[in-house]
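Visitor: Provided below: start_28.cif, containing mmCIF, C-alpha atoms, pLDDT in the B column; chains and numbers go by the auth columns.
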```cif
data_data
#
loop_
_atom_site.group_PDB
_atom_site.id
_atom_site.type_symbol
_atom_site.label_atom_id
_atom_site.label_comp_id
_atom_site.label_asym_id
_atom_site.label_seq_id
_atom_site.Cartn_x
_atom_site.Cartn_y
_atom_site.Cartn_z
_atom_site.B_iso_or_equiv
_atom_site.auth_seq_id
_atom_site.auth_asym_id
ATOM 1 C CA MET A 1 49.761 334.196 73.775 50.00 192 A
ATOM 2 C CA LYS A 2 49.405 331.528 76.437 49.00 193 A
ATOM 3 C CA LEU A 3 46.255 329.438 76.415 50.00 194 A
ATOM 4 C CA ALA A 4 44.760 327.843 79.504 47.00 195 A
ATOM 5 C CA PRO A 5 42.107 325.732 77.851 44.00 196 A
ATOM 6 C CA ARG A 6 40.092 322.760 78.953 42.00 197 A
ATOM 7 C CA THR A 7 39.153 322.093 82.515 38.00 198 A
ATOM 8 C CA THR A 8 37.672 318.875 83.797 37.00 199 A
ATOM 9 C CA ALA A 9 35.776 317.782 86.818 36.00 200 A
ATOM 10 C CA ILE A 10 36.529 314.921 89.200 36.00 201 A
ATOM 11 C CA ALA A 11 38.363 314.907 92.594 36.00 202 A
ATOM 12 C CA GLY A 12 38.098 315.960 96.208 36.00 203 A
ATOM 13 C CA SER A 13 39.519 318.566 98.521 38.00 204 A
ATOM 14 C CA LEU A 14 41.548 318.954 101.698 45.00 205 A
ATOM 15 C CA LEU A 15 40.946 321.470 104.459 44.00 206 A
ATOM 16 C CA LEU A 16 43.753 322.410 106.837 49.00 207 A
ATOM 17 C CA LEU A 17 43.012 324.235 110.072 49.00 208 A
ATOM 18 C CA ALA A 18 45.562 325.819 112.412 50.00 209 A
ATOM 19 C CA PHE A 19 44.905 327.131 115.913 50.00 210 A
ATOM 20 C CA LEU A 20 47.044 329.487 118.000 53.00 211 A
ATOM 21 C CA THR A 21 46.544 330.521 121.588 51.00 212 A
ATOM 22 C CA GLY A 22 48.511 332.848 123.771 57.00 213 A
ATOM 23 C CA CYS A 23 48.273 334.630 127.110 56.00 214 A
ATOM 24 C CA ALA A 24 49.666 337.840 128.532 64.00 215 A
ATOM 25 C CA ALA A 25 50.521 338.285 132.181 66.00 216 A
ATOM 26 C CA PRO A 26 47.379 338.392 134.400 65.00 217 A
ATOM 27 C CA PRO A 27 46.301 341.680 135.979 69.00 218 A
ATOM 28 C CA ASP A 28 47.428 342.315 139.559 67.00 219 A
ATOM 29 C CA GLY A 29 45.567 340.157 142.029 63.00 220 A
ATOM 30 C CA GLU A 30 44.261 337.739 139.402 71.00 221 A
ATOM 31 C CA THR A 31 45.408 334.294 138.372 70.00 222 A
ATOM 32 C CA TYR A 32 44.865 332.011 135.447 74.00 223 A
ATOM 33 C CA ASP A 33 43.826 329.060 137.613 78.00 224 A
ATOM 34 C CA HIS A 34 40.506 328.798 135.750 72.00 225 A
ATOM 35 C CA LEU A 35 42.386 328.527 132.455 71.00 226 A
ATOM 36 C CA ARG A 36 44.711 325.873 133.833 76.00 227 A
ATOM 37 C CA ALA A 37 41.699 323.931 135.078 71.00 228 A
ATOM 38 C CA GLY A 38 40.095 324.286 131.657 66.00 229 A
ATOM 39 C CA PHE A 39 43.160 322.822 129.947 69.00 230 A
ATOM 40 C CA ARG A 40 43.274 319.918 132.414 72.00 231 A
ATOM 41 C CA ASP A 41 39.564 319.173 132.024 68.00 232 A
ATOM 42 C CA PRO A 42 38.182 320.963 128.924 69.00 233 A
ATOM 43 C CA PRO A 43 34.437 321.594 128.663 66.00 234 A
ATOM 44 C CA ALA A 44 32.483 319.521 126.154 63.00 235 A
ATOM 45 C CA GLN A 45 32.443 322.261 123.500 69.00 236 A
ATOM 46 C CA ALA A 46 36.269 322.354 123.502 66.00 237 A
ATOM 47 C CA ARG A 47 36.806 318.601 123.218 72.00 238 A
ATOM 48 C CA PRO A 48 37.482 316.877 119.873 77.00 239 A
ATOM 49 C CA GLY A 49 34.774 315.228 117.823 79.00 240 A
ATOM 50 C CA PRO A 50 35.984 312.865 115.071 85.00 241 A
ATOM 51 C CA PHE A 51 34.405 311.233 112.050 87.00 242 A
ATOM 52 C CA TRP A 52 33.177 307.823 113.213 92.00 243 A
ATOM 53 C CA THR A 53 33.530 305.569 110.174 90.00 244 A
ATOM 54 C CA TRP A 54 30.980 302.837 109.578 92.00 245 A
ATOM 55 C CA LEU A 55 32.961 301.141 106.808 88.00 246 A
ATOM 56 C CA ASN A 56 30.671 299.431 104.283 88.00 247 A
ATOM 57 C CA GLY A 57 27.825 300.220 106.677 90.00 248 A
ATOM 58 C CA HIS A 58 29.170 297.439 108.887 90.00 249 A
ATOM 59 C CA ALA A 59 28.118 298.004 112.504 91.00 250 A
ATOM 60 C CA ASP A 60 26.394 296.047 115.243 91.00 251 A
ATOM 61 C CA PRO A 61 25.001 297.139 118.630 95.00 252 A
ATOM 62 C CA ALA A 62 27.691 295.462 120.753 95.00 253 A
ATOM 63 C CA ARG A 63 30.534 297.000 118.754 94.00 254 A
ATOM 64 C CA ILE A 64 28.802 300.386 118.681 96.00 255 A
ATOM 65 C CA THR A 65 28.577 300.374 122.472 97.00 256 A
ATOM 66 C CA ALA A 66 32.210 299.310 122.898 96.00 257 A
ATOM 67 C CA GLU A 67 33.530 301.994 120.562 95.00 258 A
ATOM 68 C CA MET A 68 31.385 304.755 122.050 94.00 259 A
ATOM 69 C CA GLU A 69 32.508 303.881 125.572 96.00 260 A
ATOM 70 C CA ALA A 70 36.123 304.017 124.355 95.00 261 A
ATOM 71 C CA PHE A 71 35.542 307.431 122.766 93.00 262 A
ATOM 72 C CA ALA A 72 33.989 308.786 125.955 93.00 263 A
ATOM 73 C CA ALA A 73 36.818 307.381 128.101 92.00 264 A
ATOM 74 C CA ALA A 74 39.394 309.022 125.802 90.00 265 A
ATOM 75 C CA GLY A 75 37.849 312.437 126.294 88.00 266 A
ATOM 76 C CA PHE A 76 35.892 312.919 123.076 89.00 267 A
ATOM 77 C CA SER A 77 32.644 314.854 123.327 89.00 268 A
ATOM 78 C CA ARG A 78 30.935 314.286 119.984 90.00 269 A
ATOM 79 C CA LEU A 79 30.921 311.844 117.059 93.00 270 A
ATOM 80 C CA GLN A 80 29.957 312.156 113.392 91.00 271 A
ATOM 81 C CA VAL A 81 28.703 308.894 111.884 94.00 272 A
ATOM 82 C CA TRP A 82 30.290 308.486 108.456 90.00 273 A
ATOM 83 C CA ASP A 83 28.981 305.607 106.373 90.00 274 A
ATOM 84 C CA VAL A 84 31.547 305.007 103.623 85.00 275 A
ATOM 85 C CA LYS A 85 32.316 302.242 101.141 78.00 276 A
ATOM 86 C CA ALA A 86 35.665 300.416 101.256 74.00 277 A
ATOM 87 C CA LEU A 87 36.804 301.008 97.665 70.00 278 A
ATOM 88 C CA GLN A 88 40.145 299.199 98.150 69.00 279 A
ATOM 89 C CA ASP A 89 39.216 295.893 99.798 74.00 280 A
ATOM 90 C CA PRO A 90 40.007 293.158 97.239 76.00 281 A
ATOM 91 C CA GLU A 91 40.129 290.429 99.885 81.00 282 A
ATOM 92 C CA LYS A 92 36.754 291.493 101.334 81.00 283 A
ATOM 93 C CA VAL A 93 38.191 291.972 104.815 84.00 284 A
ATOM 94 C CA VAL A 94 35.370 294.334 105.827 84.00 285 A
ATOM 95 C CA PRO A 95 31.919 292.697 105.789 87.00 286 A
ATOM 96 C CA VAL A 96 29.134 294.525 103.987 88.00 287 A
ATOM 97 C CA GLY A 97 26.585 295.905 106.428 91.00 288 A
ATOM 98 C CA PRO A 98 23.010 297.060 105.840 92.00 289 A
ATOM 99 C CA PRO A 99 22.415 299.679 103.125 90.00 290 A
ATOM 100 C CA PHE A 100 22.520 303.325 104.153 89.00 291 A
ATOM 101 C CA LEU A 101 19.198 304.458 105.718 89.00 292 A
ATOM 102 C CA SER A 102 17.657 300.970 105.466 92.00 293 A
ATOM 103 C CA ASP A 103 15.607 299.740 108.448 94.00 294 A
ATOM 104 C CA ALA A 104 18.542 297.699 109.774 95.00 295 A
ATOM 105 C CA TRP A 105 20.929 300.632 109.350 94.00 296 A
ATOM 106 C CA LEU A 106 18.541 302.991 111.126 94.00 297 A
ATOM 107 C CA ALA A 107 18.196 300.458 113.964 96.00 298 A
ATOM 108 C CA ASN A 108 21.970 300.671 114.473 96.00 299 A
ATOM 109 C CA LEU A 109 21.811 304.470 114.419 95.00 300 A
ATOM 110 C CA THR A 110 18.971 304.435 116.953 96.00 301 A
ATOM 111 C CA HIS A 111 21.080 302.266 119.248 97.00 302 A
ATOM 112 C CA ALA A 112 24.008 304.674 118.842 96.00 303 A
ATOM 113 C CA ASP A 113 21.732 307.601 119.701 96.00 304 A
ATOM 114 C CA ARG A 114 20.600 305.909 122.919 96.00 305 A
ATOM 115 C CA GLU A 115 24.196 305.171 123.875 97.00 306 A
ATOM 116 C CA ALA A 116 25.202 308.763 123.127 95.00 307 A
ATOM 117 C CA LYS A 117 22.615 310.035 125.597 95.00 308 A
ATOM 118 C CA ARG A 118 23.787 307.525 128.211 96.00 309 A
ATOM 119 C CA LEU A 119 27.447 308.513 127.796 95.00 310 A
ATOM 120 C CA GLY A 120 26.902 312.263 127.478 92.00 311 A
ATOM 121 C CA LEU A 121 28.127 312.384 123.861 93.00 312 A
ATOM 122 C CA GLU A 122 26.764 314.445 120.988 92.00 313 A
ATOM 123 C CA LEU A 123 25.961 312.362 117.901 94.00 314 A
ATOM 124 C CA GLY A 124 25.892 313.706 114.339 92.00 315 A
ATOM 125 C CA LEU A 125 25.479 312.198 110.890 90.00 316 A
ATOM 126 C CA LEU A 126 27.059 313.090 107.563 84.00 317 A
ATOM 127 C CA ALA A 127 24.513 314.060 104.930 77.00 318 A
ATOM 128 C CA SER A 128 24.929 310.967 102.794 76.00 319 A
ATOM 129 C CA SER A 129 26.782 307.703 102.303 78.00 320 A
ATOM 130 C CA GLY A 130 30.218 307.605 100.708 70.00 321 A
ATOM 131 C CA TRP A 131 33.107 309.925 100.006 60.00 322 A
ATOM 132 C CA ASN A 132 32.229 313.583 99.278 53.00 323 A
ATOM 133 C CA ALA A 133 28.654 312.940 100.375 53.00 324 A
ATOM 134 C CA GLY A 134 28.318 310.556 97.460 55.00 325 A
ATOM 135 C CA GLY A 135 25.778 307.827 96.888 60.00 326 A
ATOM 136 C CA THR A 136 24.344 305.707 94.101 65.00 327 A
ATOM 137 C CA TRP A 137 21.691 308.372 93.544 67.00 328 A
ATOM 138 C CA VAL A 138 24.247 311.177 93.026 70.00 329 A
ATOM 139 C CA THR A 139 24.972 311.663 89.313 73.00 330 A
ATOM 140 C CA PRO A 140 28.555 312.623 88.293 69.00 331 A
ATOM 141 C CA GLU A 141 27.753 316.247 87.500 70.00 332 A
ATOM 142 C CA HIS A 142 26.571 316.708 91.093 73.00 333 A
ATOM 143 C CA ALA A 143 29.480 314.876 92.741 71.00 334 A
ATOM 144 C CA GLY A 144 32.668 316.349 94.190 71.00 335 A
ATOM 145 C CA ILE A 145 34.777 317.886 91.428 79.00 336 A
ATOM 146 C CA GLY A 146 38.280 319.151 90.728 85.00 337 A
ATOM 147 C CA LEU A 147 39.532 321.826 88.353 88.00 338 A
ATOM 148 C CA TYR A 148 42.344 320.988 85.893 91.00 339 A
ATOM 149 C CA ALA A 149 43.954 322.906 83.036 91.00 340 A
ATOM 150 C CA SER A 150 46.358 322.536 80.130 91.00 341 A
ATOM 151 C CA ALA A 151 48.376 325.316 78.481 91.00 342 A
ATOM 152 C CA GLN A 152 49.734 325.818 74.963 91.00 343 A
ATOM 153 C CA GLU A 153 51.842 328.686 73.618 90.00 344 A
ATOM 154 C CA VAL A 154 51.067 330.293 70.245 89.00 345 A
ATOM 155 C CA ARG A 155 52.248 333.458 68.470 88.00 346 A
ATOM 156 C CA GLY A 156 49.928 336.144 67.122 85.00 347 A
ATOM 157 C CA PRO A 157 48.579 337.758 65.129 90.00 348 A
ATOM 158 C CA ALA A 158 47.018 334.583 63.780 89.00 349 A
ATOM 159 C CA ALA A 159 43.755 333.036 62.655 92.00 350 A
ATOM 160 C CA LEU A 160 43.914 330.132 65.031 89.00 351 A
ATOM 161 C CA ALA A 161 42.559 326.631 64.486 93.00 352 A
ATOM 162 C CA LEU A 162 44.144 324.648 67.322 92.00 353 A
ATOM 163 C CA GLN A 163 43.308 321.248 68.800 93.00 354 A
ATOM 164 C CA LEU A 164 43.490 321.879 72.515 91.00 355 A
ATOM 165 C CA ALA A 165 45.419 319.481 74.733 91.00 356 A
ATOM 166 C CA PHE A 166 43.339 317.609 77.285 90.00 357 A
ATOM 167 C CA PRO A 167 44.450 318.305 80.878 91.00 358 A
ATOM 168 C CA SER A 168 46.243 315.692 82.935 90.00 359 A
ATOM 169 C CA VAL A 169 43.900 314.304 85.588 88.00 360 A
ATOM 170 C CA PRO A 170 44.514 311.863 88.489 84.00 361 A
ATOM 171 C CA GLU A 171 44.873 308.208 87.556 82.00 362 A
ATOM 172 C CA HIS A 172 42.113 307.195 89.969 76.00 363 A
ATOM 173 C CA SER A 173 39.507 309.244 88.098 79.00 364 A
ATOM 174 C CA PRO A 174 36.713 307.015 86.684 80.00 365 A
ATOM 175 C CA ARG A 175 37.247 306.643 82.928 85.00 366 A
ATOM 176 C CA GLY A 176 35.020 306.290 79.905 87.00 367 A
ATOM 177 C CA ALA A 177 35.566 304.070 76.868 90.00 368 A
ATOM 178 C CA ASP A 178 37.753 306.754 75.260 89.00 369 A
ATOM 179 C CA GLY A 179 40.137 306.759 78.235 89.00 370 A
ATOM 180 C CA ARG A 180 39.113 310.224 79.339 89.00 371 A
ATOM 181 C CA PRO A 181 37.283 310.958 82.602 88.00 372 A
ATOM 182 C CA ALA A 182 33.770 309.543 82.645 85.00 373 A
ATOM 183 C CA TYR A 183 32.438 313.033 83.272 85.00 374 A
ATOM 184 C CA TRP A 184 34.009 316.354 82.337 88.00 375 A
ATOM 185 C CA ARG A 185 33.099 319.698 80.815 88.00 376 A
ATOM 186 C CA THR A 186 34.970 322.747 79.587 91.00 377 A
ATOM 187 C CA VAL A 187 34.766 325.669 81.990 91.00 378 A
ATOM 188 C CA ALA A 188 36.755 328.321 80.113 93.00 379 A
ATOM 189 C CA VAL A 189 39.379 328.962 77.449 93.00 380 A
ATOM 190 C CA GLN A 190 41.514 332.043 78.003 93.00 381 A
ATOM 191 C CA ALA A 191 44.561 333.633 76.399 91.00 382 A
ATOM 192 C CA SER A 192 47.082 336.015 77.940 90.00 383 A
ATOM 193 C CA PRO A 193 50.509 337.456 77.024 89.00 384 A
ATOM 194 C CA THR A 194 53.494 335.383 78.116 85.00 385 A
ATOM 195 C CA ALA A 195 55.882 338.313 78.598 81.00 386 A
ATOM 196 C CA GLY A 196 55.807 341.306 80.899 81.00 387 A
ATOM 197 C CA PRO A 197 53.371 342.171 83.671 85.00 388 A
ATOM 198 C CA LEU A 198 49.831 340.975 83.066 83.00 389 A
ATOM 199 C CA ALA A 199 46.881 343.352 83.351 89.00 390 A
ATOM 200 C CA PRO A 200 43.327 341.966 83.716 89.00 391 A
ATOM 201 C CA GLU A 201 42.205 343.648 80.482 89.00 392 A
ATOM 202 C CA GLN A 202 44.857 341.665 78.567 89.00 393 A
ATOM 203 C CA VAL A 203 43.179 338.336 79.335 91.00 394 A
ATOM 204 C CA LEU A 204 41.017 337.236 76.400 91.00 395 A
ATOM 205 C CA ASP A 205 37.994 334.976 76.857 93.00 396 A
ATOM 206 C CA LEU A 206 38.000 332.578 73.887 93.00 397 A
ATOM 207 C CA THR A 207 35.491 330.056 75.245 93.00 398 A
ATOM 208 C CA ALA A 208 32.946 330.780 72.521 94.00 399 A
ATOM 209 C CA GLY A 209 35.497 329.780 69.868 94.00 400 A
ATOM 210 C CA LEU A 210 35.858 326.205 71.125 93.00 401 A
ATOM 211 C CA GLY A 211 33.975 323.701 68.984 93.00 402 A
ATOM 212 C CA ALA A 212 32.523 320.334 69.955 89.00 403 A
ATOM 213 C CA ASP A 213 35.515 318.738 68.204 90.00 404 A
ATOM 214 C CA GLY A 214 37.881 320.347 70.725 88.00 405 A
ATOM 215 C CA VAL A 215 39.335 322.725 68.135 93.00 406 A
ATOM 216 C CA LEU A 216 39.718 326.354 69.142 93.00 407 A
ATOM 217 C CA ARG A 217 39.016 328.811 66.318 94.00 408 A
ATOM 218 C CA ALA A 218 39.857 332.422 67.145 92.00 409 A
ATOM 219 C CA ASP A 219 41.614 335.493 65.809 91.00 410 A
ATOM 220 C CA LEU A 220 44.562 336.319 68.036 87.00 411 A
ATOM 221 C CA PRO A 221 46.151 339.751 68.293 87.00 412 A
ATOM 222 C CA ALA A 222 49.896 340.308 68.146 83.00 413 A
ATOM 223 C CA GLY A 223 51.873 338.952 71.068 73.00 414 A
#
```
Show me this structure written as structure tokens.
Guide:
Amino acid sequence: MKLAPRTTAIAGSLLLLAFLTGCAAPPDGETYDHLRAGFRDPPAQARPGPFWTWLNGHADPARITAEMEAFAAAGFSRLQVWDVKALQDPEKVVPVGPPFLSDAWLANLTHADREAKRLGLELGLLASSGWNAGGTWVTPEHAGIGLYASAQEVRGPAALALQLAFPSVPEHSPRGADGRPAYWRTVAVQASPTAGPLAPEQVLDLTAGLGADGVLRADLPAG
């Protein structure tokens, strides 16, 4: 039997998007001049709109105006304000700006909103401050998570009492005093045959047999 035991929670995610366009020959008497014109000068809804990072909340009206004018001149149509902490800045290169949603921070956002209207840009705001919509008020169990697993091979039939291996997690994961991730929980413990094609009904759910000590106690069938 092959066990896929503990899972832990910590990390982020990556989304990849791919776009494909194509055209057939135009009907008789028609041209694609309007499409060519659209590619040369795309409408606002087709133009890019990037994350606009306010690192450490550091922003000031003059810099906001300069950057927004540069975005507009480069052909962008919308911006998403992203307030995020500089986690790797040991030399303190980036000054610390006003706290997220404080009066001073909101004054900067108000200025950006006025400039967006002047420049014909759409202005958005990420839901919170930090990576993965994090913030000091977000507790670990509600933060962005990742799913990890470890596997051990055993032979049945057997009355199993097995200390499950803890999964390998990224080095950057925040750690507790025991060296393990500061926050984690077991999602599931399952067993399945290691040989031959696998049918869904052959997967055993052994989660209930896992004790608080991390030892799995279960009766395994042959295989």
Visitor: Calculated over only C-alpha atoms, which of the candidates A:Asp274, A:Ala228, A:Pro286, A:His302 has the smallest distance to Met259 in chain A?
Guide: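 Closest residue, counting only C-alpha atoms: A:His302.
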Visitor: Of the candidates A:Thr256, A:Ser341, A:Gln381, A:Thr330, which one gets nearest to Leu310 in chain A if we count all atoms listed in the file?
Guide: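 Going through A:Thr256, A:Ser341, A:Gln381, A:Thr330 one by one, the smallest distance to Leu310 in chain A is for A:Thr256.
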Visitor: Between CA of Leu278 in chain A and CA of Trp243 in chain A, what distance in Å does the model show, to one decimal?
Guide: 17.4 Å
Visitor: With distances taken over only C-alpha atoms, which of A:Ala303, A:Ile336, A:Val394, A:Leu292 is nearest to Ala379 in chain A?
Guide: A:Val394
Visitor: Please, what distance in Å, to one decimal, runs between CA of Val284 in chain A and CA of Ala307 in chain A?
Guide: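 These two atoms are separated by 28.0 Å.
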Visitor: What separation in Å, quoted to one decimal, exists between CA of Gly266 in chain A and CA of Leu314 in chain A?
Guide: 14.6 Å
Visitor: Within 12 Å of (30.7, 291.4, 104.5) (file coordinates; all atoms listed in the file), which protein or nucleic acid residues are there? I'd like them as a PyMOL selection string.
Guide: chain A and resi 246-250+276-277+280-290
